[in-house]
Amino acid sequence: MSDATLFAHQFRSDLARFWRNPQSRYFTLLLPIVFLVIFAGIFTGTTIVEGRVISITTFYVPGIMTLGIISASFVNLTQAIVAQRESGELKRLRGTPLPTSFVISSRAAVGVVVAIVMSALLLVIGRVAYNVPIPHSTMLGLVIAVIVGAAAFVCMAFAFSTRIGSADAAAPATNLAVLPLYFISGVFVPERQIPKYLRDIATVFPIKHLAQAVREPIIHTHGTGISTTNLLVLAAWGIAALLIAARTFQFSPKSA
Amino acid sequence: MRSTTGRPAVDGGDRSSPVVDVHGLRKSYGDHEVVRGIDLQVEHGEVFAFLGPNGAGKTTTVEILEGYRSRDGGEVRVLDKDPADADRQWRSRVGLVLQSCTMPAELTVGELVELYAGYYPHPRPVAQTIELVGLAGQRDSRTAHLSGGQLRRLDVALALIGDPELVFLDEPTTGFDPSARHHAWEVIADLRDLGKTIFLTTHYMDEAQALADRVAVIAAGEIVAEGTPETLGGRDRAMADISFLQSENMAVSELPEELASVAQVRGSRVHIAALDPARPLYVLTRWALENGEQLSDLTVGRPTLEDVYLRLIDAEEQPQ
């Protein structure tokens, strides 16, 4: 088997496992859609951006998109890695000729692909149900933001998984890491309604930068839609996490 | 179950050197030396059982041979290569059954075995391998629906799918009911007949007795005995034990002189140790007939593998 065929072989299996896992299906795929419907239902009205009237829902599409990307590439992936480590599956795979780079990159690819599909799905739902326009000229900026963001959060998942001792702790730990940041990073609540000191705290962490990077091309429909600073911050988080993961990644639980 | 005829030849590999060749292996965790300079050799086509209590250094040794752990000292060659430098080619020649047996719940038996088949350059046929471990009826079942014994057999199928020359089986039947255990033994005997070299660890002496060509016992980090199941620890040269239930009115001093001098009462039984049991048995039974003694529950035996094993382990654990 060539390397490309071997990767495809592993990727197909990992994708099937994601799809067949009820927790992945409900929490990663369904929950963001439910959230979009709820937030679009509760918060209605319009606002003015650069002289144009924009519906509030237009802000929720990129907000929930951020949540969808992070669910797929960080929350779900971290839990999957910790579970595979605890069950002994990673150790077993290490005993086969499959290179570990394939084990890791295939899982990472599932996270990125699901994040992209999720983003597209939310964009389509926003257009069909709430008349939120799909960007044209800034589409490239949106695609880059989704891919860079998903890749960075995949790296963070590998680094974060080394800090979690057991599969039981994985769900609370990942949710504790992301939920408070969703509230202060402009995912659930518009940034202008958040006190400055909380916004400053959010700036330190990557979620706000992803939220801004996907919001920019959807709200501001002129220019390239690429928010360079936010993308650089995300890339820096991703690279730092990758370095940590490379040094500390464990194939077996610590006790074994 | 055991084939006494010659075994099929394995392809490739240098047949002259042992499959596993270990000299002076050492490993410490902190100040505690858990493997203290052991030697091991396993030949082609052999079923080798590695026995020892928990904490004796057994798992550490096996994990060094499997390429999972580094060592502190000594020489280790497995399939003519140092497992510390394990590469894809070496991995494809070694099959592992680890102690843990959790499987991806979302995949079926067939999908999982096919997935693993894709990792190897020359895999065995998927359907045939599933058949070999007796899971043909479960091929389309998700692994979440398998019993513990079936999961273990799936584990064996994953270890075999790459058609390895050497298979490590780490406590393959722990937690099995007796019928599942005997089924697993048949699978292992089939592997032997396929010409595989098998490195087995187990806590069950009957398992070692039934399967192994050779056994070694590790205790407190050292090999304390090595041999065939029949000869381990001088078992074949050990004295026979003649014993029977002591009747109420009988005193050992009433036995004929040559027996009375060596007889011992332990619990409710009289034991007579003998190098060659024929003559003492003859003297004993003649005496019983002449004196109207019944000799209830008369047995003649040699120490079992378990007796020998427990004696070896106890000796090692006694303070010196």
# chains A, B, ... in the order shown; residues from 1 in each chain; ligands from 1

call {"tool": "select_by_dssp", "arguments": {"residues": "range 58-286 of chain B", "states": "strand (DSSP E)", "output": "PyMOL selection string"}}
result
chain B and resi 73-78+94-97+166-170+197-202+214-219+222-227+240-245+263-266+269-274

call {"tool": "residues_around", "arguments": {"residues": "Phe205 in chain A", "least_positions_apart": "3", "cutoff": "10 Å", "atoms": "only C-alpha atoms", "output": "list in words"}}
result
Val178, Leu181, Ser185, Asp200, Ile201, Ala202, Lys208, His209, Leu210, Val233, Leu234 and Trp237 of chain A

call {"tool": "interface_residues", "arguments": {"of": "chain A", "to": "chain B", "cutoff": "6 Å", "atoms": "only C-alpha atoms", "output": "ChimeraX atom specification"}}
result
/A:17,20,87,96-98

call {"tool": "residues_around", "arguments": {"residues": "range 299-310 of chain B", "least_positions_apart": "2", "cutoff": "7 Å", "atoms": "only C-alpha atoms", "output": "list in words"}}
result
Met205, Pro229, Gly233, Arg235, Ala238, Met239, Ala240, Asp241, Ile242, Ser243, Phe244, Asp297, Leu312, Ile313 and Asp314 of chain B

call {"tool": "write_last_selection", "arguments": {"atoms": "N, CA and C atoms", "output": "mmCIF file, in the first residue's frame"}}
result
data_model
loop_
_atom_site.group_PDB
_atom_site.id
_atom_site.type_symbol
_atom_site.label_atom_id
_atom_site.label_comp_id
_atom_site.auth_asym_id
_atom_site.auth_seq_id
_atom_site.Cartn_x
_atom_site.Cartn_y
_atom_site.Cartn_z
ATOM 1 N N MET B 205 -0.969 -22.619 35.435
ATOM 2 C CA MET B 205 0.004 -23.681 35.200
ATOM 3 C C MET B 205 -0.541 -24.734 34.253
ATOM 4 N N PRO B 229 7.800 -28.316 30.589
ATOM 5 C CA PRO B 229 6.838 -28.425 31.696
ATOM 6 C C PRO B 229 7.060 -29.704 32.514
ATOM 7 N N GLY B 233 12.248 -27.404 37.329
ATOM 8 C CA GLY B 233 12.561 -27.468 38.760
ATOM 9 C C GLY B 233 12.846 -28.879 39.238
ATOM 10 N N ARG B 235 11.300 -31.538 38.373
ATOM 11 C CA ARG B 235 10.029 -32.195 38.629
ATOM 12 C C ARG B 235 10.069 -33.694 38.293
ATOM 13 N N ALA B 238 11.896 -35.564 40.981
ATOM 14 C CA ALA B 238 11.402 -35.413 42.345
ATOM 15 C C ALA B 238 10.857 -36.749 42.856
ATOM 16 N N MET B 239 10.832 -36.901 44.179
ATOM 17 C CA MET B 239 10.346 -38.144 44.778
ATOM 18 C C MET B 239 8.836 -38.274 44.588
ATOM 19 N N ALA B 240 8.405 -39.504 44.365
ATOM 20 C CA ALA B 240 6.971 -39.765 44.300
ATOM 21 C C ALA B 240 6.387 -39.644 45.709
ATOM 22 N N ASP B 241 5.122 -39.254 45.757
ATOM 23 C CA ASP B 241 4.445 -39.099 47.053
ATOM 24 C C ASP B 241 3.318 -40.113 47.109
ATOM 25 N N ILE B 242 3.442 -41.112 48.055
ATOM 26 C CA ILE B 242 2.374 -42.093 48.270
ATOM 27 C C ILE B 242 1.594 -41.598 49.486
ATOM 28 N N SER B 243 0.279 -41.479 49.368
ATOM 29 C CA SER B 243 -0.454 -41.011 50.553
ATOM 30 C C SER B 243 -1.822 -41.668 50.641
ATOM 31 N N PHE B 244 -2.331 -41.756 51.853
ATOM 32 C CA PHE B 244 -3.663 -42.321 52.084
ATOM 33 C C PHE B 244 -4.239 -41.737 53.362
ATOM 34 N N ASP B 297 -8.557 -43.817 49.895
ATOM 35 C CA ASP B 297 -8.086 -42.716 49.034
ATOM 36 C C ASP B 297 -6.577 -42.779 48.796
ATOM 37 N N LEU B 312 9.146 -22.696 43.820
ATOM 38 C CA LEU B 312 10.167 -21.786 43.280
ATOM 39 C C LEU B 312 9.895 -20.344 43.700
ATOM 40 N N ILE B 313 8.624 -19.965 43.620
ATOM 41 C CA ILE B 313 8.245 -18.585 43.956
ATOM 42 C C ILE B 313 8.437 -18.339 45.445
ATOM 43 N N ASP B 314 8.008 -19.316 46.265
ATOM 44 C CA ASP B 314 8.148 -19.184 47.720
ATOM 45 C C ASP B 314 9.603 -19.039 48.105
#

call {"tool": "atom_distance", "arguments": {"atom1": "CA of Phe188 in chain A", "atom2": "CA of Arg215 in chain A"}}
result
12.8 Å

call {"tool": "atom_distance", "arguments": {"atom1": "CA of Glu86 in chain A", "atom2": "CA of Ile239 in chain A"}}
result
25.8 Å

call {"tool": "closest_residue", "arguments": {"among": "A:Thr100, A:Ser161, A:Thr57, A:Asn76", "to": "Val112 in chain A", "atoms": "only C-alpha atoms"}}
result
A:Asn76

call {"tool": "residues_around", "arguments": {"residues": "Pro178 in chain B", "least_positions_apart": "5", "cutoff": "12 Å", "atoms": "only C-alpha atoms", "output": "VMD selection string"}}
result
chain B and resid 149 173 183 to 185 204 206 to 207

call {"tool": "residues_around", "arguments": {"residues": "Ser71 in chain A", "least_positions_apart": "4", "cutoff": "10 Å", "atoms": "only C-alpha atoms", "output": "JSON list (two decimals) with N, CA and C atoms, in the first residue's frame"}}
result
[["chain", "number", "residue", "atom", "x", "y", "z"],
["A", 24, "SER", "N", -20.56, 11.87, 19.12],
["A", 24, "SER", "CA", -20.07, 12.77, 18.08],
["A", 24, "SER", "C", -21.23, 13.35, 17.30],
["A", 27, "PHE", "N", -23.45, 15.78, 19.91],
["A", 27, "PHE", "CA", -22.78, 16.95, 20.47],
["A", 27, "PHE", "C", -22.05, 17.76, 19.42],
["A", 28, "THR", "N", -21.44, 17.09, 18.45],
["A", 28, "THR", "CA", -20.61, 17.82, 17.49],
["A", 28, "THR", "C", -21.42, 18.30, 16.29],
["A", 29, "LEU", "N", -22.34, 17.48, 15.82],
["A", 29, "LEU", "CA", -23.09, 17.86, 14.61],
["A", 29, "LEU", "C", -24.42, 18.54, 14.93],
["A", 31, "LEU", "N", -25.77, 19.71, 18.02],
["A", 31, "LEU", "CA", -25.85, 20.79, 19.01],
["A", 31, "LEU", "C", -25.63, 22.19, 18.42],
["A", 32, "PRO", "N", -24.61, 22.39, 17.56],
["A", 32, "PRO", "CA", -24.44, 23.74, 17.00],
["A", 32, "PRO", "C", -25.66, 24.20, 16.21],
["A", 65, "MET", "N", -20.73, 29.12, 14.23],
["A", 65, "MET", "CA", -19.75, 28.44, 13.38],
["A", 65, "MET", "C", -18.46, 28.21, 14.17],
["A", 66, "THR", "N", -18.07, 29.22, 14.94],
["A", 66, "THR", "CA", -16.89, 29.09, 15.80],
["A", 66, "THR", "C", -17.06, 27.92, 16.76],
["A", 67, "LEU", "N", -18.24, 27.86, 17.37],
["A", 67, "LEU", "CA", -18.53, 26.76, 18.29],
["A", 67, "LEU", "C", -18.46, 25.41, 17.57],
["A", 75, "VAL", "N", -12.94, 19.74, 21.04],
["A", 75, "VAL", "CA", -13.67, 19.03, 22.10],
["A", 75, "VAL", "C", -13.80, 17.55, 21.75],
["A", 76, "ASN", "N", -14.34, 17.25, 20.58],
["A", 76, "ASN", "CA", -14.54, 15.86, 20.17],
["A", 76, "ASN", "C", -13.21, 15.13, 20.03],
["A", 77, "LEU", "N", -12.24, 15.80, 19.42],
["A", 77, "LEU", "CA", -10.95, 15.14, 19.17],
["A", 77, "LEU", "C", -10.22, 14.83, 20.48],
["A", 78, "THR", "N", -10.22, 15.79, 21.41],
["A", 78, "THR", "CA", -9.55, 15.54, 22.69],
["A", 78, "THR", "C", -10.16, 14.33, 23.37],
["A", 111, "GLY", "N", -11.05, 15.80, 12.21],
["A", 111, "GLY", "CA", -11.44, 17.03, 12.91],
["A", 111, "GLY", "C", -11.59, 18.20, 11.95],
["A", 114, "VAL", "N", -14.65, 17.62, 9.44],
["A", 114, "VAL", "CA", -15.95, 17.82, 10.10],
["A", 114, "VAL", "C", -16.17, 19.31, 10.37],
["A", 115, "ALA", "N", -15.11, 20.02, 10.75],
["A", 115, "ALA", "CA", -15.23, 21.47, 11.00],
["A", 115, "ALA", "C", -15.66, 22.20, 9.72],
["A", 118, "MET", "N", -19.30, 21.29, 8.94],
["A", 118, "MET", "CA", -20.16, 21.99, 9.92],
["A", 118, "MET", "C", -20.33, 23.46, 9.55],
["A", 150, "ALA", "N", -9.42, 25.40, 12.42],
["A", 150, "ALA", "CA", -9.59, 23.97, 12.72],
["A", 150, "ALA", "C", -8.23, 23.31, 12.94],
["A", 153, "PHE", "N", -6.81, 24.28, 16.35],
["A", 153, "PHE", "CA", -7.50, 23.63, 17.47],
["A", 153, "PHE", "C", -7.24, 22.11, 17.51],
["A", 174, "THR", "N", -12.69, 19.35, 28.88],
["A", 174, "THR", "CA", -12.75, 20.11, 27.63],
["A", 174, "THR", "C", -13.85, 21.17, 27.69],
["A", 175, "ASN", "N", -14.99, 20.80, 28.28],
["A", 175, "ASN", "CA", -16.08, 21.78, 28.36],
["A", 175, "ASN", "C", -15.73, 22.94, 29.28],
["A", 178, "VAL", "N", -13.59, 25.38, 27.30],
["A", 178, "VAL", "CA", -14.16, 26.20, 26.21],
["A", 178, "VAL", "C", -15.41, 27.00, 26.59]]
